[in-house]
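Q: Quick one, upload_20.pdb (PDB, C-alpha atoms and all ligand atoms):
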MODEL        1
ATOM      1  CA  MET P 113      29.564  21.368  -6.129
ATOM      2  CA  ILE P 114      26.014  21.131  -4.973
ATOM      3  CA  ASP P 115      23.927  24.200  -4.252
ATOM      4  CA  MET P 116      23.608  24.373  -0.468
ATOM      5  CA  SER P 117      20.110  25.789  -0.597
ATOM      6  CA  GLN P 118      18.921  22.754  -2.508
ATOM      7  CA  GLU P 119      16.817  20.178  -0.691
ATOM      8  CA  LEU P 120      18.736  16.926  -0.772
ATOM      9  CA  ARG P 121      17.189  13.542  -1.326
ATOM     10  CA  VAL P 122      19.076  10.311  -0.965
ATOM     11  CA  GLY P 123      17.992   7.086  -2.598
ATOM     12  CA  VAL P 124      19.406   3.774  -1.449
ATOM     13  CA  ASP P 125      19.284   0.356  -3.042
ATOM     14  CA  LEU P 126      19.847  -2.143  -0.262
ATOM     15  CA  GLY P 127      20.772  -5.480  -1.839
ATOM     16  CA  GLY P 128      21.939  -8.791  -0.462
ATOM     17  CA  THR P 129      25.567  -8.284  -1.509
ATOM     18  CA  LYS P 130      25.972  -4.534  -1.924
ATOM     19  CA  MET P 131      24.224  -1.304  -1.105
ATOM     20  CA  LEU P 132      24.243   1.791  -3.260
ATOM     21  CA  ALA P 133      23.318   5.286  -2.121
ATOM     22  CA  ALA P 134      22.797   8.195  -4.495
ATOM     23  CA  LEU P 135      22.185  11.882  -3.977
ATOM     24  CA  VAL P 136      19.465  12.639  -6.495
ATOM     25  CA  SER P 137      18.248  15.961  -7.890
ATOM     26  CA  LEU P 138      14.570  16.867  -8.204
ATOM     27  CA  ASP P 139      14.584  15.833 -11.849
ATOM     28  CA  GLY P 140      16.240  12.503 -11.161
ATOM     29  CA  ARG P 141      19.893  13.231 -11.937
ATOM     30  CA  ILE P 142      22.525  11.443  -9.845
ATOM     31  CA  LEU P 143      24.613  14.172  -8.182
ATOM     32  CA  ALA P 144      26.874  11.755  -6.311
ATOM     33  CA  LYS P 145      26.816   8.103  -5.419
ATOM     34  CA  GLU P 146      28.566   5.619  -3.243
ATOM     35  CA  GLU P 147      28.583   1.853  -2.890
ATOM     36  CA  ARG P 148      29.536  -0.432  -0.001
ATOM     37  CA  PRO P 149      29.270  -4.153   0.691
ATOM     38  CA  THR P 150      26.154  -5.175   2.629
ATOM     39  CA  LEU P 151      27.819  -7.946   4.686
ATOM     40  CA  ALA P 152      24.399  -9.200   5.780
ATOM     41  CA  GLN P 153      26.007 -11.974   7.835
ATOM     42  CA  GLU P 154      27.133  -9.338  10.362
ATOM     43  CA  GLY P 155      23.524  -8.819  11.403
ATOM     44  CA  GLU P 156      20.927  -6.118  10.906
ATOM     45  CA  ALA P 157      22.364  -3.569  13.366
ATOM     46  CA  ALA P 158      25.745  -3.614  11.615
ATOM     47  CA  VAL P 159      24.127  -3.350   8.173
ATOM     48  CA  ILE P 160      21.931  -0.409   9.192
ATOM     49  CA  ASN P 161      24.927   1.333  10.758
ATOM     50  CA  ARG P 162      27.015   0.879   7.627
ATOM     51  CA  LEU P 163      24.101   2.132   5.540
ATOM     52  CA  ALA P 164      23.659   5.224   7.719
ATOM     53  CA  ASP P 165      27.407   5.957   7.726
ATOM     54  CA  MET P 166      27.406   5.747   3.934
ATOM     55  CA  ILE P 167      24.510   8.235   3.695
ATOM     56  CA  ASP P 168      26.286  10.565   6.140
ATOM     57  CA  HIS P 169      29.499  10.346   4.152
ATOM     58  CA  LEU P 170      27.724  10.892   0.830
ATOM     59  CA  VAL P 171      25.892  13.978   2.055
ATOM     60  CA  SER P 172      28.875  15.559   3.826
ATOM     61  CA  GLU P 173      31.353  14.836   1.003
ATOM     62  CA  SER P 174      28.989  16.262  -1.583
ATOM     63  CA  THR P 175      28.170  19.482   0.222
ATOM     64  CA  PHE P 176      31.317  20.319   2.221
ATOM     65  CA  SER P 177      29.078  20.222   5.225
ATOM     66  CA  ASN P 178      27.506  17.783   7.576
ATOM     67  CA  LYS P 179      24.030  17.378   8.967
ATOM     68  CA  ARG P 180      24.946  19.012  12.283
ATOM     69  CA  GLU P 181      25.846  22.306  10.579
ATOM     70  CA  HIS P 182      22.924  22.125   8.178
ATOM     71  CA  PRO P 183      20.315  20.037   9.938
ATOM     72  CA  GLY P 184      17.497  20.971   7.585
ATOM     73  CA  GLN P 185      19.049  20.174   4.266
ATOM     74  CA  LEU P 186      18.517  16.411   4.012
ATOM     75  CA  LYS P 187      14.895  16.334   2.948
ATOM     76  CA  GLY P 188      14.370  12.619   2.800
ATOM     77  CA  ILE P 189      15.744   9.126   2.300
ATOM     78  CA  GLY P 190      14.134   6.525   0.073
ATOM     79  CA  VAL P 191      15.224   2.932   0.502
ATOM     80  CA  ALA P 192      14.606   0.272  -2.124
ATOM     81  CA  THR P 193      14.949  -3.260  -0.850
ATOM     82  CA  ALA P 194      14.034  -6.808  -1.805
ATOM     83  CA  GLY P 195      11.483  -8.776   0.125
ATOM     84  CA  THR P 196       8.137  -7.876   1.608
ATOM     85  CA  LEU P 197       7.490  -4.564   3.306
ATOM     86  CA  ASP P 198       4.992  -2.727   5.408
ATOM     87  CA  ALA P 199       5.654   0.503   3.536
ATOM     88  CA  GLU P 200       3.265   2.548   5.684
ATOM     89  CA  LYS P 201       5.077   1.646   8.903
ATOM     90  CA  GLY P 202       8.572   1.545   7.380
ATOM     91  CA  ILE P 203       9.119  -2.107   8.300
ATOM     92  CA  VAL P 204      10.975  -4.720   6.257
ATOM     93  CA  THR P 205       8.716  -7.649   7.145
ATOM     94  CA  LEU P 206      10.735 -10.363   5.411
ATOM     95  CA  ALA P 207      13.916 -10.123   3.325
ATOM     96  CA  ALA P 208      15.452 -13.533   2.706
ATOM     97  CA  ASN P 209      18.562 -12.087   1.015
ATOM     98  CA  LEU P 210      19.358 -10.057   4.153
ATOM     99  CA  GLY P 211      18.094 -12.591   6.687
ATOM    100  CA  TRP P 212      15.741  -9.893   8.042
ATOM    101  CA  LYS P 213      12.358 -10.309   9.681
ATOM    102  CA  ASP P 214      10.301  -7.358  10.969
ATOM    103  CA  VAL P 215      13.145  -4.831  10.902
ATOM    104  CA  GLN P 216      12.070  -1.227  11.681
ATOM    105  CA  LEU P 217      14.385   0.272   9.100
ATOM    106  CA  GLY P 218      12.245   3.383   8.527
ATOM    107  CA  SER P 219      12.087   4.535  12.147
ATOM    108  CA  LEU P 220      15.774   3.736  12.785
ATOM    109  CA  LEU P 221      16.868   5.932   9.878
ATOM    110  CA  GLU P 222      14.347   8.636  10.781
ATOM    111  CA  ALA P 223      15.757   8.760  14.306
ATOM    112  CA  ARG P 224      19.323   9.120  13.025
ATOM    113  CA  PHE P 225      18.722  11.656  10.258
ATOM    114  CA  GLY P 226      15.568  13.462  11.395
ATOM    115  CA  CYS P 227      14.003  13.383   7.936
ATOM    116  CA  THR P 228      11.292  11.491   6.068
ATOM    117  CA  VAL P 229      12.176   7.898   5.200
ATOM    118  CA  LYS P 230      10.259   5.832   2.676
ATOM    119  CA  LEU P 231      10.686   2.163   1.849
ATOM    120  CA  ALA P 232       9.882   0.592  -1.497
ATOM    121  CA  ASN P 233      10.183  -2.759  -3.208
ATOM    122  CA  ASP P 234      13.442  -2.682  -5.193
ATOM    123  CA  ALA P 235      11.969  -3.615  -8.566
ATOM    124  CA  ASN P 236       9.070  -1.169  -8.194
ATOM    125  CA  ALA P 237      11.541   1.577  -7.257
ATOM    126  CA  ALA P 238      13.708   0.728 -10.273
ATOM    127  CA  ALA P 239      10.610   0.978 -12.478
ATOM    128  CA  ILE P 240       9.942   4.478 -11.114
ATOM    129  CA  GLY P 241      13.601   5.446 -11.649
ATOM    130  CA  GLU P 242      13.623   4.319 -15.278
ATOM    131  CA  TRP P 243      10.246   5.942 -15.884
ATOM    132  CA  LEU P 244      11.082   9.370 -14.454
ATOM    133  CA  ALA P 245      14.783   9.613 -15.208
ATOM    134  CA  GLY P 246      15.854   6.717 -17.426
ATOM    135  CA  ALA P 247      14.862   4.781 -20.516
ATOM    136  CA  GLY P 248      11.117   5.196 -19.961
ATOM    137  CA  LYS P 249      11.232   8.974 -19.528
ATOM    138  CA  GLY P 250       8.391  10.846 -21.199
ATOM    139  CA  THR P 251       6.005   7.883 -21.319
ATOM    140  CA  ASN P 252       2.855   7.207 -19.299
ATOM    141  CA  ASP P 253       2.709   3.429 -19.642
ATOM    142  CA  CYS P 254       6.071   1.944 -18.822
ATOM    143  CA  LEU P 255       6.991  -1.605 -17.882
ATOM    144  CA  PHE P 256      10.328  -2.375 -16.240
ATOM    145  CA  VAL P 257      11.575  -5.954 -16.196
ATOM    146  CA  THR P 258      14.738  -6.999 -14.398
ATOM    147  CA  ILE P 259      16.385 -10.283 -15.309
ATOM    148  CA  SER P 260      19.048 -11.182 -12.780
ATOM    149  CA  THR P 261      19.215 -13.701  -9.921
ATOM    150  CA  GLY P 262      15.432 -13.733 -10.136
ATOM    151  CA  ILE P 263      12.987 -11.925 -12.397
ATOM    152  CA  GLY P 264      11.049  -8.949 -11.135
ATOM    153  CA  GLY P 265       9.587  -5.735 -12.299
ATOM    154  CA  GLY P 266       7.211  -2.910 -11.867
ATOM    155  CA  PHE P 267       4.983  -0.824 -14.060
ATOM    156  CA  ILE P 268       3.468   2.567 -14.512
ATOM    157  CA  SER P 269      -0.010   2.801 -15.959
ATOM    158  CA  ALA P 270      -1.581   6.073 -17.131
ATOM    159  CA  GLY P 271       1.212   7.965 -15.381
ATOM    160  CA  LYS P 272       0.803   6.204 -12.028
ATOM    161  CA  PRO P 273       3.025   3.519 -10.502
ATOM    162  CA  ILE P 274       0.947   0.429  -9.765
ATOM    163  CA  ASN P 275       1.761  -0.931  -6.329
ATOM    164  CA  GLY P 276      -1.240  -3.161  -5.717
ATOM    165  CA  PHE P 277      -3.450  -3.382  -2.650
ATOM    166  CA  ASN P 278      -0.598  -4.058  -0.220
ATOM    167  CA  HIS P 279       2.446  -3.057  -2.289
ATOM    168  CA  ASN P 280       3.162  -6.480  -3.774
ATOM    169  CA  ALA P 281       2.277  -5.916  -7.432
ATOM    170  CA  GLY P 282       4.821  -6.646 -10.153
ATOM    171  CA  GLU P 283       5.853 -10.199  -9.277
ATOM    172  CA  LEU P 284       6.561 -10.847 -12.931
ATOM    173  CA  GLY P 285       8.960 -13.704 -12.213
ATOM    174  CA  HIS P 286       6.183 -15.773 -10.699
ATOM    175  CA  ILE P 287       3.714 -15.914 -13.521
ATOM    176  CA  THR P 288       3.159 -19.519 -14.608
ATOM    177  CA  ILE P 289       5.001 -20.711 -17.715
ATOM    178  CA  ASP P 290       4.323 -24.436 -17.191
ATOM    179  CA  TYR P 291       1.592 -25.421 -14.790
ATOM    180  CA  ASN P 292       3.088 -28.923 -14.622
ATOM    181  CA  GLY P 293       6.529 -27.483 -13.938
ATOM    182  CA  PRO P 294       8.715 -27.764 -10.847
ATOM    183  CA  ARG P 295       7.918 -26.117  -7.525
ATOM    184  CA  CYS P 296       9.161 -22.564  -7.116
ATOM    185  CA  GLY P 297      10.387 -20.999  -3.870
ATOM    186  CA  CYS P 298       7.242 -18.839  -3.915
ATOM    187  CA  GLY P 299       4.944 -21.864  -3.620
ATOM    188  CA  ASN P 300       3.685 -21.799  -7.216
ATOM    189  CA  TYR P 301       4.821 -24.272  -9.902
ATOM    190  CA  GLY P 302       6.570 -23.616 -13.210
ATOM    191  CA  CYS P 303       7.237 -19.895 -12.611
ATOM    192  CA  LEU P 304       8.945 -17.787 -15.291
ATOM    193  CA  GLU P 305      12.077 -17.250 -13.200
ATOM    194  CA  LEU P 306      12.670 -21.015 -12.975
ATOM    195  CA  TYR P 307      13.298 -20.951 -16.749
ATOM    196  CA  ALA P 308      14.664 -17.543 -17.630
ATOM    197  CA  SER P 309      16.503 -15.928 -14.686
ATOM    198  CA  GLY P 310      20.280 -15.706 -14.474
ATOM    199  CA  THR P 311      20.089 -18.429 -11.836
ATOM    200  CA  ALA P 312      18.117 -20.698 -14.187
ATOM    201  CA  ILE P 313      20.597 -20.103 -17.034
ATOM    202  CA  GLY P 314      23.496 -20.928 -14.716
ATOM    203  CA  ARG P 315      21.726 -24.082 -13.509
ATOM    204  CA  ARG P 316      21.161 -25.295 -17.090
ATOM    205  CA  GLY P 317      24.788 -24.546 -17.869
ATOM    206  CA  ALA P 318      25.893 -26.557 -14.831
ATOM    207  CA  ASP P 319      23.858 -29.511 -16.161
ATOM    208  CA  LEU P 320      25.781 -29.317 -19.453
ATOM    209  CA  VAL P 321      29.079 -29.435 -17.585
ATOM    210  CA  ARG P 322      27.927 -32.422 -15.488
ATOM    211  CA  GLN P 323      26.853 -34.264 -18.634
ATOM    212  CA  ALA P 324      30.229 -33.391 -20.213
ATOM    213  CA  SER P 325      28.180 -32.407 -23.262
ATOM    214  CA  SER P 326      30.249 -32.313 -26.456
ATOM    215  CA  GLY P 327      28.495 -29.132 -27.613
ATOM    216  CA  ALA P 328      29.650 -27.288 -24.493
ATOM    217  CA  SER P 329      33.415 -27.669 -24.606
ATOM    218  CA  ALA P 330      34.077 -23.935 -24.252
ATOM    219  CA  LEU P 331      31.799 -23.783 -21.198
ATOM    220  CA  ILE P 332      33.510 -26.803 -19.633
ATOM    221  CA  GLY P 333      36.861 -25.135 -20.269
ATOM    222  CA  LEU P 334      35.749 -21.816 -18.734
ATOM    223  CA  VAL P 335      34.978 -23.462 -15.384
ATOM    224  CA  GLN P 336      37.641 -26.172 -15.727
ATOM    225  CA  GLY P 337      34.959 -28.836 -15.508
ATOM    226  CA  ASN P 338      33.603 -27.557 -12.193
ATOM    227  CA  ALA P 339      29.810 -27.532 -12.640
ATOM    228  CA  ASP P 340      29.207 -25.779  -9.317
ATOM    229  CA  GLU P 341      30.958 -22.657 -10.599
ATOM    230  CA  VAL P 342      28.813 -22.092 -13.681
ATOM    231  CA  THR P 343      26.978 -18.764 -13.854
ATOM    232  CA  ALA P 344      24.845 -17.174 -16.556
ATOM    233  CA  ARG P 345      27.888 -15.120 -17.531
ATOM    234  CA  HIS P 346      29.860 -18.301 -18.296
ATOM    235  CA  VAL P 347      26.993 -19.631 -20.413
ATOM    236  CA  ALA P 348      26.880 -16.364 -22.374
ATOM    237  CA  GLU P 349      30.663 -16.362 -22.875
ATOM    238  CA  ALA P 350      30.619 -19.972 -24.039
ATOM    239  CA  ALA P 351      27.746 -19.292 -26.448
ATOM    240  CA  ALA P 352      29.713 -16.354 -27.876
ATOM    241  CA  ALA P 353      32.697 -18.670 -28.296
ATOM    242  CA  GLY P 354      30.582 -21.039 -30.382
ATOM    243  CA  ASP P 355      29.197 -23.617 -27.934
ATOM    244  CA  SER P 356      25.980 -24.853 -29.523
ATOM    245  CA  GLU P 357      24.568 -26.293 -26.283
ATOM    246  CA  ALA P 358      25.282 -23.125 -24.316
ATOM    247  CA  ASN P 359      23.574 -21.162 -27.074
ATOM    248  CA  ALA P 360      20.571 -23.516 -26.889
ATOM    249  CA  VAL P 361      20.296 -22.798 -23.144
ATOM    250  CA  LEU P 362      20.044 -19.070 -23.913
ATOM    251  CA  THR P 363      17.538 -19.683 -26.703
ATOM    252  CA  GLU P 364      15.285 -21.701 -24.387
ATOM    253  CA  ALA P 365      15.558 -19.109 -21.600
ATOM    254  CA  GLY P 366      14.781 -16.358 -24.113
ATOM    255  CA  ARG P 367      11.726 -18.225 -25.409
ATOM    256  CA  ALA P 368      10.476 -18.668 -21.831
ATOM    257  CA  LEU P 369      10.918 -14.920 -21.342
ATOM    258  CA  GLY P 370       8.874 -14.406 -24.494
ATOM    259  CA  PHE P 371       5.997 -16.575 -23.203
ATOM    260  CA  GLY P 372       6.002 -14.641 -19.938
ATOM    261  CA  MET P 373       6.220 -11.321 -21.744
ATOM    262  CA  VAL P 374       3.219 -12.141 -23.958
ATOM    263  CA  SER P 375       1.046 -12.524 -20.831
ATOM    264  CA  ILE P 376       2.440  -9.377 -19.279
ATOM    265  CA  LEU P 377       1.955  -7.310 -22.458
ATOM    266  CA  HIS P 378      -1.627  -8.540 -22.808
ATOM    267  CA  LEU P 379      -2.342  -7.566 -19.213
ATOM    268  CA  ILE P 380      -0.892  -4.075 -19.100
ATOM    269  CA  ASN P 381      -0.518  -2.843 -22.713
ATOM    270  CA  PRO P 382       2.677  -0.804 -22.173
ATOM    271  CA  GLU P 383       4.168   1.824 -24.480
ATOM    272  CA  VAL P 384       7.739   0.989 -23.542
ATOM    273  CA  VAL P 385       9.416  -2.048 -21.961
ATOM    274  CA  VAL P 386      12.689  -1.302 -20.166
ATOM    275  CA  LEU P 387      14.917  -4.362 -19.763
ATOM    276  CA  GLY P 388      17.363  -4.336 -16.867
ATOM    277  CA  GLY P 389      19.301  -6.702 -14.638
ATOM    278  CA  GLY P 390      22.640  -8.402 -15.257
ATOM    279  CA  ALA P 391      21.283 -11.218 -17.435
ATOM    280  CA  SER P 392      19.609  -8.734 -19.807
ATOM    281  CA  LEU P 393      23.125  -7.668 -20.827
ATOM    282  CA  ILE P 394      23.532 -11.062 -22.544
ATOM    283  CA  GLY P 395      21.665  -9.289 -25.324
ATOM    284  CA  ALA P 396      20.704 -10.842 -28.655
ATOM    285  CA  PRO P 397      21.290 -14.559 -27.849
ATOM    286  CA  LEU P 398      18.697 -14.196 -25.066
ATOM    287  CA  LEU P 399      16.510 -11.360 -26.337
ATOM    288  CA  ASP P 400      16.114 -12.326 -30.008
ATOM    289  CA  PRO P 401      14.315 -15.596 -29.128
ATOM    290  CA  MET P 402      12.149 -13.583 -26.694
ATOM    291  CA  MET P 403      11.215 -11.122 -29.428
ATOM    292  CA  GLN P 404      10.471 -13.948 -31.837
ATOM    293  CA  VAL P 405       7.962 -15.529 -29.434
ATOM    294  CA  ILE P 406       6.344 -12.135 -28.843
ATOM    295  CA  GLU P 407       6.147 -11.615 -32.614
ATOM    296  CA  GLU P 408       4.499 -15.022 -33.085
ATOM    297  CA  ARG P 409       2.097 -14.950 -30.169
ATOM    298  CA  ALA P 410       1.184 -11.501 -28.841
ATOM    299  CA  ILE P 411      -1.950  -9.740 -30.022
ATOM    300  CA  ALA P 412      -0.856  -7.440 -32.829
ATOM    301  CA  SER P 413      -2.581  -4.268 -31.613
ATOM    302  CA  ILE P 414      -0.773  -4.606 -28.280
ATOM    303  CA  ARG P 415       2.566  -5.825 -29.664
ATOM    304  CA  ARG P 416       3.102  -3.425 -32.569
ATOM    305  CA  PRO P 417       3.487  -0.118 -30.735
ATOM    306  CA  VAL P 418       5.725  -1.424 -27.917
ATOM    307  CA  ARG P 419       9.337  -0.260 -27.796
ATOM    308  CA  PHE P 420      11.827  -2.543 -26.032
ATOM    309  CA  VAL P 421      14.793  -0.596 -24.664
ATOM    310  CA  PRO P 422      17.734  -1.366 -22.372
ATOM    311  CA  SER P 423      17.859   0.152 -18.890
ATOM    312  CA  ALA P 424      19.503   3.589 -18.867
ATOM    313  CA  LEU P 425      20.281   3.716 -15.145
ATOM    314  CA  GLY P 426      21.601   0.186 -14.648
ATOM    315  CA  SER P 427      22.321  -0.717 -11.043
ATOM    316  CA  ALA P 428      21.382   2.816  -9.885
ATOM    317  CA  ALA P 429      17.738   2.581 -11.061
ATOM    318  CA  GLY P 430      16.407   1.438  -7.675
ATOM    319  CA  ALA P 431      18.224   4.181  -5.771
ATOM    320  CA  VAL P 432      17.063   6.894  -8.194
ATOM    321  CA  GLY P 433      13.469   5.624  -8.039
ATOM    322  CA  ALA P 434      13.519   5.461  -4.242
ATOM    323  CA  ALA P 435      14.695   9.083  -4.099
ATOM    324  CA  MET P 436      12.082  10.189  -6.636
ATOM    325  CA  MET P 437       9.345   8.713  -4.452
ATOM    326  CA  LEU P 438      10.104  11.560  -2.065
ATOM    327  CA  VAL P 439       9.365  14.243  -4.646
ATOM    328  CA  LYS P 440       5.794  15.449  -4.311
ATOM    329  CA  GLY P 441       3.926  15.614  -7.578
ATOM    330  CA  LYS P 442       6.231  13.081  -9.298
ATOM    331  CA  VAL P 443       4.926   9.994  -7.573
ATOM    332  CA  VAL P 444       1.876  10.158  -5.341
ATOM    333  CA  THR P 445       3.113  10.658  -1.799
ATOM    334  CA  GLU P 446       1.028  11.255   1.271
TER     335      GLU P 446
HETATM  336 ZN    ZN P 501       7.443 -18.550  -8.183
ENDMDL
END
Transcribe the structure of this file into structure tokens.
Ligand SMILES: [Zn+2]
A:
Amino acid sequence: MIDMSQELRVGVDLGGTKMLAALVSLDGRILAKEERPTLAQEGEAAVINRLADMIDHLVSESTFSNKREHPGQLKGIGVATAGTLDAEKGIVTLAANLGWKDVQLGSLLEARFGCTVKLANDANAAAIGEWLAGAGKGTNDCLFVTISTGIGGGFISAGKPINGFNHNAGELGHITIDYNGPRCGCGNYGCLELYASGTAIGRRGADLVRQASSGASALIGLVQGNADEVTARHVAEAAAAGDSEANAVLTEAGRALGFGMVSILHLINPEVVVLGGGASLIGAPLLDPMMQVIEERAIASIRRPVRFVPSALGSAAGAVGAAMMLVKGKVVTE
């Protein structure tokens, strides 16, 4: 049971399909956590209510108390979310996955809980979580890359998280891989995530099913010939079952990741690279080709010392990082 005199900090990762809240200790340990569906289609008021109820439940369950009996104990709430933010004002300016525009999430939660609320970009928060309490712990120059629906990330340089002028740094998925490539949703062309995200892997897999490719019989079997159902997970399963074409899709995606990573490594010269996100769990069939490109192309003095490690916190990294942003002295807070 949690020490009642302890100041409690809650970190939340608010995603398009689910939201995760964690009660986090000063040194970044998860004391308790809870997950609920986001159900964004019900509208922002319903989502914020469900989020607040989850935080209430988490805090009261974990302490045998509630905020009315111990109004001072919840010290702060950090919320990691996708999309663009006005972090100073606590406003989610645009979150396509939630269908939100100019939502005053910070002030709504502050009014309900009477504590500090901070918003952060989800990938930047995950980078802070992995750096302070996960696979990048103990380093000063840590890069976090998440490979899932899209590709994102965040990084810490000389012991400081780099947010950029208006908190938009770390858009790793939108560095150019092919300047003659297709248009990306961001407005640029040939972005990394068009080639190497889970979505991109699924799309290439769907093409194989549509072409009824002979080297993808396991993949075709997995989705019973239905191309619209193909996900990156199916492609990985089919490659493991011996599909040569499915394996080639992963090799190409991995090489694209490698080209992107070479640029990123050259720019920031990290000590450790933490790889997270669902598609990173595909492992060697995706990551070996990435490492091979890095080996062939990255400047040796930058490449040689880098350690590549899997995420230690998994889907909780964003929530842990968001909570750690509330700890003075860990991450610069005003
Ligand atoms: Zn883009």
Q: Evaluate the PyMOL selection byres (((not hetatm)) within 9 of (chain P and resi 501)) on the structure here and hand back the selected residues as a list in words.
A: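 So the PyMOL selection byres (((not hetatm)) within 9 of (chain P and resi 501)) ends up selecting Glu283, Gly285, His286, Ile287, Thr288, Arg295, Cys296, Gly297, Cys298, Gly299, Asn300, Tyr301, Gly302, Cys303, Leu304, Glu305 and Leu306 of chain P.
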Q: Using only C-alpha atoms, which residue out of P:Gly327, P:Met402, P:Val335, P:Ala133 lies closest to Gly354 of chain P?
A: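 Among the listed residues, P:Gly327 lies closest to Gly354 of chain P.
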Q: By how many Å are atom CA of Asn252 of chain P and atom CA of Glu408 of chain P apart?
A: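 Calculated distance between atom CA of Asn252 of chain P and atom CA of Glu408 of chain P is 26.2 Å.
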Q: What separation in Å, quoted to one decimal, exists between atom CA of Asp198 of chain P and atom CA of Ala239 of chain P?
A: 19.1 Å
Q: Do you have the atom CA of Ala207 of chain P-atom CA of Gly262 of chain P distance handy?
A: 14.0 Å
Q: When you count all atoms listed in the file, which of these residues is closest to His378 of chain P: P:Ala270, P:Ile259, P:Ala360, P:Ile414?
A: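 For His378 of chain P, the nearest of the candidates is P:Ile414.
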Q: Pick the closest to Val432 of chain P from P:Ala238, P:Ala199, P:Leu399, P:Ala358: which is it, counting all atoms listed in the file?
A: P:Ala238
Q: Smallest atom-to-atom distance to Asp214 of chain P: which of P:Leu197, P:Ala247, P:Leu284, P:Leu163, using only C-alpha atoms?
A: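 Smallest separation from Asp214 of chain P among the options: P:Leu197.
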Q: Evaluate the PyMOL selection byres (((chain P and resi 347-351) around 8) and not hetatm) and record the selected residues as JSON, numbers by chain, following the chain and residue labels used in the document.
A: {"P": [313, 314, 317, 328, 330, 331, 334, 342, 343, 344, 345, 346, 352, 353, 354, 355, 356, 357, 358, 359, 361, 362, 394]}
Q: Compile the contact shell of segment 138-151 of chain P as an MDAnalysis selection string: residues with an atom at most 10 Å away, counting all atoms listed in the file, same-chain residues fewer than 4 positions apart removed.
A: chainID P and resid 113:114 118:134 155:156 158:160 162:163 166:167 169:171 173:174 210 241:242 244:246 425 428 431:433 435:436 438:440 442
Q: Residues as selected, C-alpha atoms, written as an mmCIF file, in the frame of the given file, can you do that?
A:
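And here's out-v7.cif as it stands now:
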data_model
loop_
_atom_site.group_PDB
_atom_site.id
_atom_site.type_symbol
_atom_site.label_atom_id
_atom_site.label_comp_id
_atom_site.auth_asym_id
_atom_site.auth_seq_id
_atom_site.Cartn_x
_atom_site.Cartn_y
_atom_site.Cartn_z
ATOM 1 C CA MET P 113 29.564 21.368 -6.129
ATOM 2 C CA ILE P 114 26.014 21.131 -4.973
ATOM 3 C CA GLN P 118 18.921 22.754 -2.508
ATOM 4 C CA GLU P 119 16.817 20.178 -0.691
ATOM 5 C CA LEU P 120 18.736 16.926 -0.772
ATOM 6 C CA ARG P 121 17.189 13.542 -1.326
ATOM 7 C CA VAL P 122 19.076 10.311 -0.965
ATOM 8 C CA GLY P 123 17.992 7.086 -2.598
ATOM 9 C CA VAL P 124 19.406 3.774 -1.449
ATOM 10 C CA ASP P 125 19.284 0.356 -3.042
ATOM 11 C CA LEU P 126 19.847 -2.143 -0.262
ATOM 12 C CA GLY P 127 20.772 -5.480 -1.839
ATOM 13 C CA GLY P 128 21.939 -8.791 -0.462
ATOM 14 C CA THR P 129 25.567 -8.284 -1.509
ATOM 15 C CA LYS P 130 25.972 -4.534 -1.924
ATOM 16 C CA MET P 131 24.224 -1.304 -1.105
ATOM 17 C CA LEU P 132 24.243 1.791 -3.260
ATOM 18 C CA ALA P 133 23.318 5.286 -2.121
ATOM 19 C CA ALA P 134 22.797 8.195 -4.495
ATOM 20 C CA GLY P 155 23.524 -8.819 11.403
ATOM 21 C CA GLU P 156 20.927 -6.118 10.906
ATOM 22 C CA ALA P 158 25.745 -3.614 11.615
ATOM 23 C CA VAL P 159 24.127 -3.350 8.173
ATOM 24 C CA ILE P 160 21.931 -0.409 9.192
ATOM 25 C CA ARG P 162 27.015 0.879 7.627
ATOM 26 C CA LEU P 163 24.101 2.132 5.540
ATOM 27 C CA MET P 166 27.406 5.747 3.934
ATOM 28 C CA ILE P 167 24.510 8.235 3.695
ATOM 29 C CA HIS P 169 29.499 10.346 4.152
ATOM 30 C CA LEU P 170 27.724 10.892 0.830
ATOM 31 C CA VAL P 171 25.892 13.978 2.055
ATOM 32 C CA GLU P 173 31.353 14.836 1.003
ATOM 33 C CA SER P 174 28.989 16.262 -1.583
ATOM 34 C CA LEU P 210 19.358 -10.057 4.153
ATOM 35 C CA GLY P 241 13.601 5.446 -11.649
ATOM 36 C CA GLU P 242 13.623 4.319 -15.278
ATOM 37 C CA LEU P 244 11.082 9.370 -14.454
ATOM 38 C CA ALA P 245 14.783 9.613 -15.208
ATOM 39 C CA GLY P 246 15.854 6.717 -17.426
ATOM 40 C CA LEU P 425 20.281 3.716 -15.145
ATOM 41 C CA ALA P 428 21.382 2.816 -9.885
ATOM 42 C CA ALA P 431 18.224 4.181 -5.771
ATOM 43 C CA VAL P 432 17.063 6.894 -8.194
ATOM 44 C CA GLY P 433 13.469 5.624 -8.039
ATOM 45 C CA ALA P 435 14.695 9.083 -4.099
ATOM 46 C CA MET P 436 12.082 10.189 -6.636
ATOM 47 C CA LEU P 438 10.104 11.560 -2.065
ATOM 48 C CA VAL P 439 9.365 14.243 -4.646
ATOM 49 C CA LYS P 440 5.794 15.449 -4.311
ATOM 50 C CA LYS P 442 6.231 13.081 -9.298
#
Q: Save segment 335-345 of chain P of the structure in the block above to a file, with C-alpha atoms included, as an mmCIF file, in the first residue's frame.
A:
data_model
loop_
_atom_site.group_PDB
_atom_site.id
_atom_site.type_symbol
_atom_site.label_atom_id
_atom_site.label_comp_id
_atom_site.auth_asym_id
_atom_site.auth_seq_id
_atom_site.Cartn_x
_atom_site.Cartn_y
_atom_site.Cartn_z
ATOM 1 C CA VAL P 335 -6.368 -13.133 -43.723
ATOM 2 C CA GLN P 336 -8.286 -15.633 -45.874
ATOM 3 C CA GLY P 337 -7.509 -13.578 -48.958
ATOM 4 C CA ASN P 338 -9.000 -10.389 -47.517
ATOM 5 C CA ALA P 339 -6.432 -7.674 -48.306
ATOM 6 C CA ASP P 340 -8.259 -5.039 -46.255
ATOM 7 C CA GLU P 341 -7.558 -6.980 -43.061
ATOM 8 C CA VAL P 342 -3.778 -7.137 -43.373
ATOM 9 C CA THR P 343 -1.799 -5.560 -40.532
ATOM 10 C CA ALA P 344 1.917 -5.420 -39.793
ATOM 11 C CA ARG P 345 1.377 -8.266 -37.336
#
